[in-house]
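Student: After the structure tokens below, expect a handful of questions from me.
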Amino acid sequence: MNIQQMSCEEYKNNHQNETLWDEVVVQLLNNEHISYHSIERFPLGGNIVYAINDDLVLKLFSPFDREEFVIETEVLENTDWSKISVEVPSIVKQGSIGQWHYLIMTRVSGELLIDVWEKLSLKEQLDIATDVGVLIKQMHTLPVENYPHLNQTYFEWISTQKKQVTTHHSKTGLAPHLVEQLEKYVSTFVPSSQKVLLTGEYTPFNLLVNQADGRWRVTGLIDFADCFIGEPTYDLLGPILFNYYPTPELTKNFLSAYGMALTDSSRTYLMQLLLLHRFSHIPNYLDGHLDMNKVQTLEELSTIFFSNIES
């Protein structure tokens with residue numbers, strides 16, 4: 001199959017066709033005169049991403065994801081990474097075949113947090129939560145003027161999210177009695193005017209960890225294709241919802257390291273922003289932890305997601 005003639009539907013249908021993508025990656029490496037002894041596709045993520053040997057990564061962007069290519073390239077090239085305490089990829093080469101774009105980057109060392117999280121002790125998880133809070137705080141000190149292509153119309157975007165909140169959550173399977181409460185609950189939300197670089201991706205799928213002196217630490221961060229400009233609180237949602245909230249001590253450590261106190265007002269603010277988050281999926285977050293139908297109100301849900309040890 002010629003990928004340059006591939007429709008969006010064909011791309012979706014062939015996303016897991018490893019034979020096809022192996023051939024494409026080999027062609028790209030040959031075109032770039034990069035020698036290789038191994039290629040291996042990473043199973044996670046929306047893009048086509050391959051490990052090349054032990055030290056490189058190739059990330060392929062379809063014509064339907066061109067904005068992601070522009071954003072990731074801009075963030076990787078325009079950020080002063082000396083201000084960040086973890087390793088990030090460096091672009092080695094970038095190019096295109098037709099309307100398909102790709103980045104060849106250095107490979108960040110370590111294991112994905114998703115692969116080790118359940119094996120860690122509570123003490124180790126608390127250390128990781130602290131590391132993530134510190135990392136996000138560092139990222140939020142970066143000047144936003146370096147990213148001219150990133151969407152900086154955050155207030156307009158929030159307004160659109162408010163209008164679509166009922167439709168969005170109805171599609172996720174949120175319990176009908178909670179859907180009925182959505183519009184009123186988010187109506188009082190007023191976004192902060194503070195602007196920072198947001199990844200929205202501080203999840204166990206994009207954080208890498210290594211053992212140092214017998215302790216697991218966050219040492220790497222990948223995937224900047226969803227970056228945009230907005231208020232800092234937005235970035236705090238992913239770590240809590242994916243890893244921390246069932247164990248209140250983790251949320252407390254994380255927010256303390258970031259520099260945020262969890263109060264009644266901040267809890268409500270976090271919950272409102274969670275409902276407006278572009279990837280928000282309440283049933284997924286609750287799955288395996290709590291029966292959604294037993295939660296009567298969104299305010300009750302906020303005390304479940306955003307609790308700490310003292311609550």
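The way I read the labels, and the way they are meant: chains A, B, ... in the order of the structure tokens, residue 1 as the first residue of every chain, and ligand 1 as the first ligand shown, with later ones counted on from there.
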Could you give me the residues within region 56-286 of chain A that DSSP places in strand (DSSP E), as a ChimeraX atom specification?
Tutor: /A:56-61,91-97,100-106,111-112,196-198,207-212,215-221,228-230
Student: Using the selection just defined, write its residues with N, CA and C atoms as a CSV table (one decimal), in the first residue's frame.
Tutor:
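Wrote result_35.csv, looks like this:
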chain,number,residue,atom,x,y,z
A,56,LEU,N,18.0,5.6,19.0
A,56,LEU,CA,17.2,6.5,18.2
A,56,LEU,C,15.7,6.1,18.2
A,57,VAL,N,14.9,7.1,18.0
A,57,VAL,CA,13.4,6.9,17.9
A,57,VAL,C,13.0,7.6,16.6
A,58,LEU,N,12.1,6.9,15.8
A,58,LEU,CA,11.5,7.6,14.6
A,58,LEU,C,10.0,7.7,14.9
A,59,LYS,N,9.5,8.9,14.7
A,59,LYS,CA,8.1,9.2,15.0
A,59,LYS,C,7.5,9.7,13.7
A,60,LEU,N,6.5,9.0,13.2
A,60,LEU,CA,5.9,9.3,11.9
A,60,LEU,C,4.6,10.0,12.1
A,61,PHE,N,4.3,11.1,11.4
A,61,PHE,CA,3.1,11.9,11.5
A,61,PHE,C,2.4,11.8,10.2
A,91,ILE,N,16.1,16.4,18.5
A,91,ILE,CA,15.9,16.0,17.1
A,91,ILE,C,17.2,15.8,16.4
A,92,VAL,N,17.4,14.7,15.8
A,92,VAL,CA,18.6,14.4,15.0
A,92,VAL,C,18.3,14.7,13.5
A,93,LYS,N,17.2,14.4,13.0
A,93,LYS,CA,16.8,14.7,11.6
A,93,LYS,C,15.3,14.8,11.5
A,94,GLN,N,14.8,15.6,10.6
A,94,GLN,CA,13.4,15.7,10.3
A,94,GLN,C,13.2,15.8,8.8
A,95,GLY,N,12.1,15.2,8.3
A,95,GLY,CA,11.9,15.2,6.9
A,95,GLY,C,10.5,14.8,6.6
A,96,SER,N,10.3,14.6,5.3
A,96,SER,CA,8.9,14.2,4.9
A,96,SER,C,9.0,13.4,3.6
A,97,ILE,N,7.9,12.6,3.4
A,97,ILE,CA,7.7,11.9,2.2
A,97,ILE,C,6.3,12.3,1.8
A,100,TRP,N,3.5,13.3,4.5
A,100,TRP,CA,3.9,12.6,5.7
A,100,TRP,C,5.2,13.2,6.3
A,101,HIS,N,5.2,13.5,7.5
A,101,HIS,CA,6.4,14.1,8.2
A,101,HIS,C,6.9,13.1,9.2
A,102,TYR,N,8.2,13.3,9.5
A,102,TYR,CA,8.8,12.4,10.5
A,102,TYR,C,9.9,13.1,11.3
A,103,LEU,N,10.1,12.7,12.5
A,103,LEU,CA,11.2,13.1,13.3
A,103,LEU,C,12.0,11.9,13.7
A,104,ILE,N,13.3,12.1,13.6
A,104,ILE,CA,14.3,11.1,14.1
A,104,ILE,C,14.9,11.7,15.3
A,105,MET,N,14.8,11.1,16.5
A,105,MET,CA,15.2,11.7,17.7
A,105,MET,C,16.1,10.8,18.5
A,106,THR,N,16.8,11.4,19.5
A,106,THR,CA,17.5,10.6,20.4
A,106,THR,C,16.5,9.8,21.3
A,111,GLU,N,12.6,3.3,31.8
A,111,GLU,CA,11.4,2.5,31.6
A,111,GLU,C,10.2,3.4,31.7
A,112,LEU,N,9.2,3.2,30.9
A,112,LEU,CA,8.0,3.9,31.0
A,112,LEU,C,7.4,3.7,32.4
A,196,VAL,N,1.1,29.3,30.6
A,196,VAL,CA,2.3,28.5,30.7
A,196,VAL,C,2.2,27.5,29.5
A,197,LEU,N,3.4,26.8,29.3
A,197,LEU,CA,3.4,25.7,28.3
A,197,LEU,C,2.8,24.5,28.9
A,198,LEU,N,1.7,24.0,28.3
A,198,LEU,CA,1.1,22.8,28.8
A,198,LEU,C,1.4,21.6,27.9
A,207,LEU,N,6.2,9.4,30.9
A,207,LEU,CA,7.2,9.7,31.9
A,207,LEU,C,8.1,8.4,32.0
A,208,LEU,N,9.4,8.7,32.0
A,208,LEU,CA,10.4,7.6,32.1
A,208,LEU,C,11.1,7.6,33.4
A,209,VAL,N,11.4,6.4,34.0
A,209,VAL,CA,12.0,6.3,35.3
A,209,VAL,C,13.2,5.4,35.2
A,210,ASN,N,14.2,5.7,36.1
A,210,ASN,CA,15.4,4.9,36.3
A,210,ASN,C,15.6,4.7,37.7
A,211,GLN,N,16.4,3.7,38.1
A,211,GLN,CA,16.8,3.5,39.4
A,211,GLN,C,18.1,4.2,39.6
A,212,ALA,N,18.2,5.0,40.7
A,212,ALA,CA,19.5,5.7,41.0
A,212,ALA,C,19.6,5.6,42.6
A,215,ARG,N,16.9,3.9,44.3
A,215,ARG,CA,15.5,4.6,44.3
A,215,ARG,C,15.1,4.8,42.9
A,216,TRP,N,13.8,4.6,42.7
A,216,TRP,CA,13.2,4.9,41.4
A,216,TRP,C,13.0,6.4,41.3
A,217,ARG,N,13.4,7.1,40.2
A,217,ARG,CA,13.2,8.5,40.1
A,217,ARG,C,12.7,8.8,38.6
A,218,VAL,N,12.0,9.9,38.5
A,218,VAL,CA,11.6,10.3,37.2
A,218,VAL,C,12.8,11.0,36.5
A,219,THR,N,13.1,10.5,35.3
A,219,THR,CA,14.4,10.9,34.7
A,219,THR,C,14.1,11.3,33.2
A,220,GLY,N,12.9,11.1,32.7
A,220,GLY,CA,12.7,11.5,31.3
A,220,GLY,C,11.3,11.8,31.0
A,221,LEU,N,11.1,12.6,30.0
A,221,LEU,CA,9.8,13.1,29.5
A,221,LEU,C,9.7,13.1,28.0
A,228,PHE,N,0.1,23.0,24.3
A,228,PHE,CA,-0.6,24.3,24.0
A,228,PHE,C,-0.4,25.3,25.1
A,229,ILE,N,-0.9,26.5,25.0
A,229,ILE,CA,-0.7,27.5,26.0
A,229,ILE,C,-1.9,27.7,26.8
A,230,GLY,N,-1.8,27.7,28.1
A,230,GLY,CA,-3.0,27.8,28.9
A,230,GLY,C,-2.6,27.9,30.4
Student: Enumerate, in order of chain and increasing residue number, the residues of region 197-299 of chain A with an atom no farther than 10 Å from region 27-45 of chain A, each with its shortest atom pair and distance in Å to one decimal, counting only C-alpha atoms, as CSV.
Tutor:
residue,atom,partner,partner_atom,distance
A:Phe205,CA,A:Leu44,CA,7.9
A:Asn206,CA,A:Gly45,CA,9.5
A:Asp223,CA,A:Gly45,CA,9.3
Student: Suppose we keep all heavy atoms; can you now write the selection as a compact mmCIF listing (two decimals), in the first residue's frame?
Tutor:
# COMPACT_ATOMS: atom_id res chain seq x y z
N PHE A 205 2.36 7.08 30.61
CA PHE A 205 2.73 6.67 29.26
C PHE A 205 3.84 7.55 28.68
O PHE A 205 4.45 7.20 27.66
CB PHE A 205 1.51 6.73 28.33
CG PHE A 205 0.34 5.94 28.83
CD1 PHE A 205 -0.71 6.56 29.49
CD2 PHE A 205 0.30 4.56 28.66
CE1 PHE A 205 -1.79 5.83 29.96
CE2 PHE A 205 -0.78 3.82 29.13
CZ PHE A 205 -1.82 4.46 29.79
N ASN A 206 4.11 8.70 29.32
CA ASN A 206 5.08 9.66 28.77
C ASN A 206 6.18 10.04 29.75
O ASN A 206 7.01 10.89 29.44
CB ASN A 206 4.35 10.93 28.32
CG ASN A 206 3.38 10.66 27.19
OD1 ASN A 206 3.70 9.97 26.24
ND2 ASN A 206 2.17 11.18 27.30
N ASP A 223 6.97 13.05 24.28
CA ASP A 223 5.70 13.35 23.61
C ASP A 223 5.21 14.77 23.89
O ASP A 223 4.56 15.02 24.90
CB ASP A 223 4.61 12.34 23.99
CG ASP A 223 3.41 12.43 23.05
OD1 ASP A 223 3.37 13.35 22.20
OD2 ASP A 223 2.51 11.59 23.15
Student: Which residues are near Glu68 (chain A)? Cut-off 8 Å, only C-alpha atoms, ignore same chain within fewer than 4 positions. Put them as a ChimeraX atom specification.
Tutor: /A:61,72,225-226
Student: Would you put the residues from that selection into a file with all heavy atoms, as an mmCIF file, in the first residue's frame?
Tutor:
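Listed below is the output, again.cif:
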data_model
loop_
_atom_site.group_PDB
_atom_site.id
_atom_site.type_symbol
_atom_site.label_atom_id
_atom_site.label_comp_id
_atom_site.auth_asym_id
_atom_site.auth_seq_id
_atom_site.Cartn_x
_atom_site.Cartn_y
_atom_site.Cartn_z
ATOM 1 N N PHE A 61 4.347 11.122 11.386
ATOM 2 C CA PHE A 61 3.107 11.897 11.510
ATOM 3 C C PHE A 61 2.357 11.833 10.182
ATOM 4 O O PHE A 61 2.892 12.218 9.144
ATOM 5 C CB PHE A 61 3.402 13.353 11.846
ATOM 6 C CG PHE A 61 4.139 13.564 13.138
ATOM 7 C CD1 PHE A 61 5.530 13.438 13.191
ATOM 8 C CD2 PHE A 61 3.461 13.903 14.304
ATOM 9 C CE1 PHE A 61 6.220 13.643 14.380
ATOM 10 C CE2 PHE A 61 4.133 14.113 15.485
ATOM 11 C CZ PHE A 61 5.520 13.979 15.528
ATOM 12 N N GLU A 72 5.220 19.527 18.021
ATOM 13 C CA GLU A 72 6.311 18.799 18.674
ATOM 14 C C GLU A 72 7.670 19.331 18.223
ATOM 15 O O GLU A 72 8.584 19.495 19.040
ATOM 16 C CB GLU A 72 6.214 17.302 18.396
ATOM 17 C CG GLU A 72 7.282 16.500 19.084
ATOM 18 C CD GLU A 72 6.802 15.172 19.614
ATOM 19 O OE1 GLU A 72 5.790 14.646 19.112
ATOM 20 O OE2 GLU A 72 7.438 14.651 20.549
ATOM 21 N N ALA A 225 3.511 16.517 21.340
ATOM 22 C CA ALA A 225 2.665 16.811 20.184
ATOM 23 C C ALA A 225 1.342 17.456 20.561
ATOM 24 O O ALA A 225 0.664 18.027 19.700
ATOM 25 C CB ALA A 225 2.415 15.538 19.377
ATOM 26 N N ASP A 226 0.938 17.349 21.834
ATOM 27 C CA ASP A 226 -0.334 17.930 22.259
ATOM 28 C C ASP A 226 -0.154 19.207 23.061
ATOM 29 O O ASP A 226 -1.086 19.674 23.729
ATOM 30 C CB ASP A 226 -1.125 16.913 23.103
ATOM 31 C CG ASP A 226 -1.653 15.761 22.265
ATOM 32 O OD1 ASP A 226 -2.072 16.013 21.131
ATOM 33 O OD2 ASP A 226 -1.647 14.618 22.755
#
Student: Within 7 Å of region 268-290 of chain A, which residues of region 129-165 of chain A show up? Give each one with its shortest atom-to-atom distance in Å (one decimal) and the two atoms involved, counting only C-alpha atoms, rows by chain then rising residue number, as JSON lines.
Tutor:
{"residue": "A:Gln161", "atom": "CA", "partner": "A:Leu276", "partner_atom": "CA", "distance": 5.6}
{"residue": "A:Lys162", "atom": "CA", "partner": "A:Leu276", "partner_atom": "CA", "distance": 6.6}
{"residue": "A:Val165", "atom": "CA", "partner": "A:Leu276", "partner_atom": "CA", "distance": 6.5}
Student: Any chance you could export the current selection's N, CA and C atoms as a tab-separated table (two decimals), in the first residue's frame?
Tutor:
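This is the output file again-v6.tsv:
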chain	number	residue	atom	x	y	z
A	161	GLN	N	-15.46	24.55	25.15
A	161	GLN	CA	-15.57	23.34	25.97
A	161	GLN	C	-16.82	23.38	26.85
A	162	LYS	N	-17.14	24.54	27.38
A	162	LYS	CA	-18.34	24.67	28.20
A	162	LYS	C	-19.59	24.34	27.39
A	165	VAL	N	-19.80	20.50	26.83
A	165	VAL	CA	-19.53	19.62	27.96
A	165	VAL	C	-20.55	18.49	28.08
Student: Using DSSP secondary structure from the backbone, list all alpha helix (DSSP H) positions within region 217-308 of chain A, as a PyMOL selection string.
Tutor: chain A and resi 237-239+248-258+264-276+282-286+298-305
Student: Tell me which of A:Val144, A:Ile222, A:Ile3, A:Leu126 sits closest to Leu255 (chain A), counting only C-alpha atoms.
Tutor: A:Leu126
Student: To one decimal place in Å, what is the distance between CA of Ser62 (chain A) and CA of Arg107 (chain A)?
Tutor: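 Separation between CA of Ser62 (chain A) and CA of Arg107 (chain A): 21.1 Å.
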Student: How many Å lie between CA of Cys227 (chain A) and CA of Pro143 (chain A), rounded to one decimal?
Tutor: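 These atoms are spaced 13.7 Å apart.
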